Structures are given as C-alpha cells and as structure tokens.
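Some notes on the structure that comes next.
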There are 2 protein chains.
Amino acid sequence: MDKTTSPKSARRMTEPRQGAQAIRRALAVLRILAAGREDGVPLAEVVRATGLTRPTVHRIVHVLIEEGIVERHDRTGRYAIGNQVPELALARARPSRLLIAANPSLQRASTEIGDTLFLTVRTGNDTLCVDRRIGVYPIQVLSIEVGARRPLGVSSAGVAILAAMPAQDARKIVAANEKRLEAYRTDAATVLGQVTAARRRGYGMREIGLVQGTKSISTWIKTPDGRPAAAMTVSAVRTRLGPRREQEVAEILLREARIIEQAIRS
Amino acid sequence: MDKTTSPKSARRMTEPRQGAQAIRRALAVLRILAAGREDGVPLAEVVRATGLTRPTVHRIVHVLIEEGIVERHDRTGRYAIGNQVPELALARARPSRLLIAANPSLQRASTEIGDTLFLTVRTGNDTLCVDRRIGVYPIQVLSIEVGARRPLGVSSAGVAILAAMPAQDARKIVAANEKRLEAYRTDAATVLGQVTAARRRGYGMREIGLVQGTKSISTWIKTPDGRPAAAMTVSAVRTRLGPRREQEVAEILLREARIIEQAIRS
DNA sequence: GCGTTCTTGTCCATATTATGGACAAGACGA
DNA sequence: TCGTCTTGTCCATAATATGGACAAGAACGC
C-alpha cells in the first residue's frame, strides 16, 4: 500500500521495522484528529487525509473510542482527541527544554515588536503551535492558538522549518502531505517554491496569511546538530508589515532565534 | 487469551468490537509506561504488568519509539512516554470541567486543614493524580505528584473510588489489576477488604500510606449519574491524623466533595 | 577467570488477526 | 420522489501480528 520507502536508500540508521501496521495506522488517525482540536474531524476527512479505507478508519476510530483515546461528538458526529490523551501526557509533567529556553526571547520580541508571536515546533509531518504571546498593538491576529496543528508547509512557520532542513527531506515531507494540502487550497509545487524562496531570503514569509488580510514572518531555530527544532513567527495585519518593517521584524526574530539556539544546547 | 467477557452478560450497551487487538495492546503498554512517569519502566516490568509476551511488547514498544510516542532512556534502558503524547494532548487545550469545579474546594480545604490535598481521577484501571495543593503546616507529604498513576486500589484515593462504584465493578477492576498489585506488596483480597471498610465508613483511609509513616483520608466525588468521578485526599504524617482529627478532616472533605458534585452537573 | 541469572533483542513459520470490497441505512437538499 | 452526501456493518480472504526458541549482553558471586 505504501511503497514510498525503498529498501535500498537507508538514509538514517533507523530501518522500517514491521509487525505493527495497525498501530501505525491508529497513530496516523490520531494525528489527523489532533489537527481538528476540540471540534474534531469528520470520518470522511480522516479517510481522505490518511489514505486508508473507510472500514479501516471506522474500526480504528471506534476501538480508540472504547479505549477512551478518542471521543465522538454526538451532535456533529465528528471525532476528536479524547481526554485520556492529556491523562497520558501527565506522565511527562515538566515543560520541554525548548519552551523554557524560548520564554525570555518570546517576551522580549513581543514587547519590541508589538504584534503576536508564535512558537511552533515540528511534530512528524505537522507544525504544532506550542506557545503564543499577544502583543500590545490593539489589532492582533489571534486565530492561531496553542495546540494548532497544520501540515508542514501551509503556514509561514512550516515553510521556515522546511527551509531549514535538507531539500530532499523537505520534498519528502511535502509529498507525504500532498493529500492534506488541498484543504488549504495549495499544492506541493507551490509549497516547495515558497520553501526555496525562504531559504534564499533567510526567513519564511507569507504575504497572504491563512487568515484573510494577514501577513506572517517566521525564522527557524535549529538544534545543535543542525536540524530544525522550531520556528518563531510574527503575524499581523498586512498593512502593519510593509517592506521596511518586515526587515526590522525579521532582524529581531533572527537575533532571538540565535539566542534560543544557544540556550537549548544540552 | 482473554475470556473474561462472556458474550451473554451484556452489562452495558458497548459490546467488545474486534479487529484491533494490536491497538488495544499498544494502549495497554502505554498506560503501564505512563505509570513510570519520567523515569520509565523496564521492558520486563511491562511484560509482567500487561501479561503479553516479551516479543510482542518489544515490537510494540519499538514501533512506538519510531513513531515518537515512546522514548527509551539510553542510560537505564527504561521506556517512558515520549514527547509526542503531550503534543497530541494540546489538541484539548482547555482544562477539564472537574479541575475547574474542584479548584475552590481544594483551596478552601487546604487552608482549613493545613495538610497536602490531592485530587485524583479514575482512568481505566488506574488512579491519576490531577491536582495538588500544599498545605501550610511545615511537614508535608509531597511524594505524590500531579501525573502520578497507580493501579486502582493501592492508594486511599483508589480505595475510595472503588468504594463508590457497584461492588461487582470494583471486583472486576481489582481482578484486572491483580498482577500489578504485587509491586505494591498487596493483593486482591486485601484491597477488597479495604474497599468494603471504606464503603461502610463513608470515606477511604489508609493507616499505613504508600509512603512510610503517613496516613491518608479520601472522599469520593460522584458524577450526576452516580458513578465515581474522582477522589479528594488528605495525606499527612500519621501522628497528625489521630482518631479525633481524622473525623474532623473527613467531615471537611465530605462537605467539599458534595460541593464539587453540585458544580460538575453538566 | 567461569558459571548463574538476570536482562533485552531477534528470527521466522504459523495461525490469528486486520483488511477492504460490497452493501445498508440514515441525513440533507432538490 | 430521487440523487448524493455521510456513517456504519458484514465476512471471506490475504496479510499481518504472534510467540516459541534462540542469542547476546549485563550484573553478580565465587
């Protein structure tokens, strides 16, 4: 069913490992459901996004419901992450090192810039917003919340993260997300174009944000071994981010990104 | 392998549903790992607790590692919940209704009693500590942290929750936990004895707490439909909870439990 | 050193398990 | 009324996950 991984190209040490198709599929379903937040996702959408057949998704989802991992909203029939997931998450009580390291930078940049700041990490083929600071300027882009999850490539943060990794890896991820890009009215070619542009520019950018009339600028944050760990993003109404100010904001973000990179050295 | 559920006794609407053995097993493994918190659990312990064979557990655990759901600590070789679990949990940003409803009661009772207070929920066959308030008295029992997970029955909170459900359900859960009770130096018969005593007394109690020299008192909190939702516990050094004070503390806990029950009506 | 007893990790023939095509039944709109 | 969505179910079949047996490493005693 999935012949993308050729056995010859052993890019990293970790090799396939078989005997757990069902578990992998269940997790793929869970990640799609996570993107739906509290509202959840209709079954058909999960089928589309995962590429699995409907009976399979149906069976997986309902087993997960019995186990308390997934909930079904009676009103809408949509499926969402269940409350047993946060319960399992409590096993890791402490906030991540990144969150701690990024905190002062977010604070500083937010005060300096005045617009909303986001910290976004990569998780699998998705971006996940893990922190947010609201700026002081009276008009703020608040549509993206902590926990927001999107396919890598559709947000400026996603573009930044893709730009920070080897081109081949980025291409693979975008290809894997192809089915899900439609929902965001974009496609693999467009995304890869934006990634190339971001790489050249030194930061990610979206003139037309996911929210109408907004513009976003994102810098990437790399781990000591050179892989992208996160992105720091400023979103504002487009008129507030003209060419001149874009440059200023980008410089602040780049400065803070380097500071965070220093702070997360193990 | 598991013939405990007879097809004839349709106790609730929800019936078995098959075709996902592997997923259920993976979740059983995850729940055991969650009990190990940050330190994790050795593979052999997971094998014991789940009753699965070692090759099966090994395969499941390593697939979950590849998926980022589980981590292996190189130093100790122990397995623990991975960081992708909190990431999935972010999909449910809002704190639970119970946590909100219980907050003022915990605050009030903590001030009044002076010892550490715990809010514990049932999750599957486990208890899970979801909130804690440290009292003002200089000696405090702090060994139990938010996120602590134990088989239902080994803590006074677990006994209280079991006491609040139909005797038959309680027996089933204790039987299911039998293998895991050994690690806490107790057994099914002892636990069921404590449950009966708690039911008679009106609250759960442990003269000899899990921590040496401590004593705990727990009241149960029921949902509107009469099922136990949580337990509220006071833990203190034993000398601080003599018969007289036990009575006083229990009365405060019972009072606050009723208040929380009012607050969580949907 | 060498045996004993833990642990974790791997192999692969096998039967159990998950799979998905086909069908059914609702919900909504025309 | 029909057409087109959706979700849910059945079951013969192929593919998958299973676990017994084996291997290798770590920790301890002597």
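Within each chain, counting starts at residue 1; across the structure tokens, chains are named A, B, ... in the order shown, with ligands numbered 1 upward in that order.
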
Legend entry - Interface list for chain A, partner chain C, 10 Å threshold, only C-alpha atoms (C1' of nucleotides), as JSON, numbers by chain: {"A": [21, 22, 52, 53, 54, 55, 56, 59]}

Inset, instruction - Name the residues in contact with Ile23 in chain B at a cut-off of 9 Å, using only C-alpha atoms (C1' of nucleotides), excluding same-chain residues fewer than 4 positions from it; report them as a ChimeraX atom specification. - result: /A:20,22-24,26,60,63-64 /B:27-28

Could you dump the residues just selected with C-alpha atoms as an mmCIF file, in the first residue's frame?
data_model
loop_
_atom_site.group_PDB
_atom_site.id
_atom_site.type_symbol
_atom_site.label_atom_id
_atom_site.label_comp_id
_atom_site.auth_asym_id
_atom_site.auth_seq_id
_atom_site.Cartn_x
_atom_site.Cartn_y
_atom_site.Cartn_z
ATOM 1 C CA ALA A 20 2.666 -3.210 13.657
ATOM 2 C CA ALA A 22 -2.369 -1.399 12.787
ATOM 3 C CA ILE A 23 -0.603 0.609 15.460
ATOM 4 C CA ARG A 24 0.999 2.923 12.942
ATOM 5 C CA ALA A 26 -4.026 4.199 14.574
ATOM 6 C CA ILE A 60 -9.689 2.105 14.373
ATOM 7 C CA VAL A 63 -11.689 0.968 19.102
ATOM 8 C CA LEU A 64 -9.975 4.150 20.213
ATOM 9 C CA LEU B 27 -2.523 1.246 24.551
ATOM 10 C CA ALA B 28 -2.182 -1.175 27.445
#

Legend entry - Expected answer as a PyMOL selection string: chain D residues within 12 Å of chain A, only C-alpha atoms (C1' of nucleotides): chain D and resi 5-10+15-18

With C-alpha atoms (C1' of nucleotides) kept, could you save the residues just selected as a PDB file, in the first residue's frame?
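Saved result, selection-v9.pdb, follows:
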ATOM      1  C1'  DC D   5     -23.774  13.055   0.675  1.00  0.00           C
ATOM      2  C1'  DT D   6     -22.483  10.934   5.038  1.00  0.00           C
ATOM      3  C1'  DT D   7     -21.549   6.853   8.693  1.00  0.00           C
ATOM      4  C1'  DG D   8     -21.873   2.149   9.912  1.00  0.00           C
ATOM      5  C1'  DT D   9     -21.621  -3.136   9.235  1.00  0.00           C
ATOM      6  C1'  DC D  10     -20.560  -7.804   7.261  1.00  0.00           C
ATOM      7  C1'  DA D  15      -1.881 -10.243   5.021  1.00  0.00           C
ATOM      8  C1'  DT D  16      -0.496  -9.336   9.434  1.00  0.00           C
ATOM      9  C1'  DA D  17       0.954  -9.806  14.138  1.00  0.00           C
ATOM     10  C1'  DT D  18       2.173 -13.503  17.019  1.00  0.00           C
TER      11       DT D  18
END

Inset, instruction - Report the residues of range 130-166 of chain B whose backbone DSSP state falls under strand (DSSP E or B), written as a ChimeraX atom specification. - result: /B:130-133,149-151

Residues just named, written with N, CA and C atoms as a PDB file, in the first residue's frame:
ATOM      1  N   VAL B 130      -4.429  14.490  39.497  1.00  0.00           N
ATOM      2  CA  VAL B 130      -4.535  15.578  38.530  1.00  0.00           C
ATOM      3  C   VAL B 130      -4.342  16.965  39.145  1.00  0.00           C
ATOM      4  N   ASP B 131      -4.369  17.058  40.466  1.00  0.00           N
ATOM      5  CA  ASP B 131      -4.121  18.358  41.091  1.00  0.00           C
ATOM      6  C   ASP B 131      -3.628  18.146  42.511  1.00  0.00           C
ATOM      7  N   ARG B 132      -2.907  19.135  43.012  1.00  0.00           N
ATOM      8  CA  ARG B 132      -2.337  19.018  44.345  1.00  0.00           C
ATOM      9  C   ARG B 132      -2.242  20.403  44.966  1.00  0.00           C
ATOM     10  N   ARG B 133      -2.572  20.519  46.239  1.00  0.00           N
ATOM     11  CA  ARG B 133      -2.381  21.770  46.971  1.00  0.00           C
ATOM     12  C   ARG B 133      -1.545  21.492  48.201  1.00  0.00           C
ATOM     13  N   ARG B 149       0.425   7.887  38.765  1.00  0.00           N
ATOM     14  CA  ARG B 149      -0.554   6.925  38.287  1.00  0.00           C
ATOM     15  C   ARG B 149      -0.320   5.602  38.984  1.00  0.00           C
ATOM     16  N   ARG B 150      -1.393   5.021  39.519  1.00  0.00           N
ATOM     17  CA  ARG B 150      -1.260   3.758  40.250  1.00  0.00           C
ATOM     18  C   ARG B 150      -2.447   2.869  39.928  1.00  0.00           C
ATOM     19  N   PRO B 151      -2.277   1.573  40.100  1.00  0.00           N
ATOM     20  CA  PRO B 151      -3.434   0.678  39.950  1.00  0.00           C
ATOM     21  C   PRO B 151      -4.510   1.076  40.953  1.00  0.00           C
TER      22      PRO B 151
END

Inset, instruction - Pull out every residue of chain A that has at least one atom within 6 Å of chain B, counting only C-alpha atoms, and report them as a list of chain:residue names. - result: A:Ile23, A:Ala34, A:Arg37, A:Glu38, A:Val85, A:Pro86, A:Leu88, A:Ala89, A:Leu90, A:Ala91, A:Arg92, A:Gly147

Inset, instruction - From the DSSP assignment of the backbone, select every residue of range 109-157 of chain A that is alpha helix (DSSP H), and format the answer as a ChimeraX atom specification. - result: /A:109-113,156-157

Mind dumping the selected residues with all heavy atoms as a JSON list (two decimals), in the first residue's frame?
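And here is the file that came out, result_21.json:
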[["chain", "number", "residue", "atom", "x", "y", "z"],
["A", 109, "ALA", "N", 10.84, 39.81, 22.33],
["A", 109, "ALA", "CA", 10.46, 40.13, 20.95],
["A", 109, "ALA", "C", 9.03, 40.66, 20.89],
["A", 109, "ALA", "O", 8.73, 41.58, 20.13],
["A", 109, "ALA", "CB", 10.62, 38.90, 20.06],
["A", 110, "SER", "N", 8.17, 40.10, 21.72],
["A", 110, "SER", "CA", 6.78, 40.53, 21.73],
["A", 110, "SER", "C", 6.67, 41.99, 22.15],
["A", 110, "SER", "O", 5.95, 42.78, 21.54],
["A", 110, "SER", "CB", 5.98, 39.63, 22.68],
["A", 110, "SER", "OG", 4.70, 40.18, 22.89],
["A", 111, "THR", "N", 7.41, 42.36, 23.19],
["A", 111, "THR", "CA", 7.40, 43.74, 23.66],
["A", 111, "THR", "C", 7.95, 44.66, 22.58],
["A", 111, "THR", "O", 7.39, 45.72, 22.28],
["A", 111, "THR", "CB", 8.29, 43.88, 24.92],
["A", 111, "THR", "OG1", 8.02, 42.78, 25.79],
["A", 111, "THR", "CG2", 8.05, 45.19, 25.63],
["A", 112, "GLU", "N", 9.04, 44.24, 21.97],
["A", 112, "GLU", "CA", 9.74, 45.05, 21.00],
["A", 112, "GLU", "C", 8.91, 45.27, 19.73],
["A", 112, "GLU", "O", 8.88, 46.35, 19.16],
["A", 112, "GLU", "CB", 11.05, 44.34, 20.64],
["A", 112, "GLU", "CG", 12.20, 45.27, 20.28],
["A", 112, "GLU", "CD", 13.52, 44.48, 20.26],
["A", 112, "GLU", "OE1", 13.66, 43.52, 21.06],
["A", 112, "GLU", "OE2", 14.37, 44.80, 19.43],
["A", 113, "ILE", "N", 8.24, 44.18, 19.29],
["A", 113, "ILE", "CA", 7.54, 44.23, 18.01],
["A", 113, "ILE", "C", 6.10, 44.71, 18.18],
["A", 113, "ILE", "O", 5.58, 45.47, 17.35],
["A", 113, "ILE", "CB", 7.57, 42.84, 17.33],
["A", 113, "ILE", "CG1", 9.02, 42.45, 17.00],
["A", 113, "ILE", "CG2", 6.72, 42.82, 16.07],
["A", 113, "ILE", "CD1", 9.20, 41.00, 16.60],
["A", 156, "SER", "N", 3.59, 29.98, 7.50],
["A", 156, "SER", "CA", 4.95, 30.50, 7.29],
["A", 156, "SER", "C", 5.92, 29.78, 8.22],
["A", 156, "SER", "O", 7.07, 29.56, 7.87],
["A", 156, "SER", "CB", 4.99, 32.01, 7.51],
["A", 156, "SER", "OG", 5.00, 32.33, 8.88],
["A", 157, "ALA", "N", 5.45, 29.39, 9.39],
["A", 157, "ALA", "CA", 6.30, 28.62, 10.30],
["A", 157, "ALA", "C", 6.69, 27.29, 9.65],
["A", 157, "ALA", "O", 7.85, 26.87, 9.72],
["A", 157, "ALA", "CB", 5.58, 28.37, 11.62]]

Inset, instruction - Between C1' of DA12 in chain D and CA of Thr50 in chain A, measure the distance and give it in Å to one decimal. - result: 25.5 Å
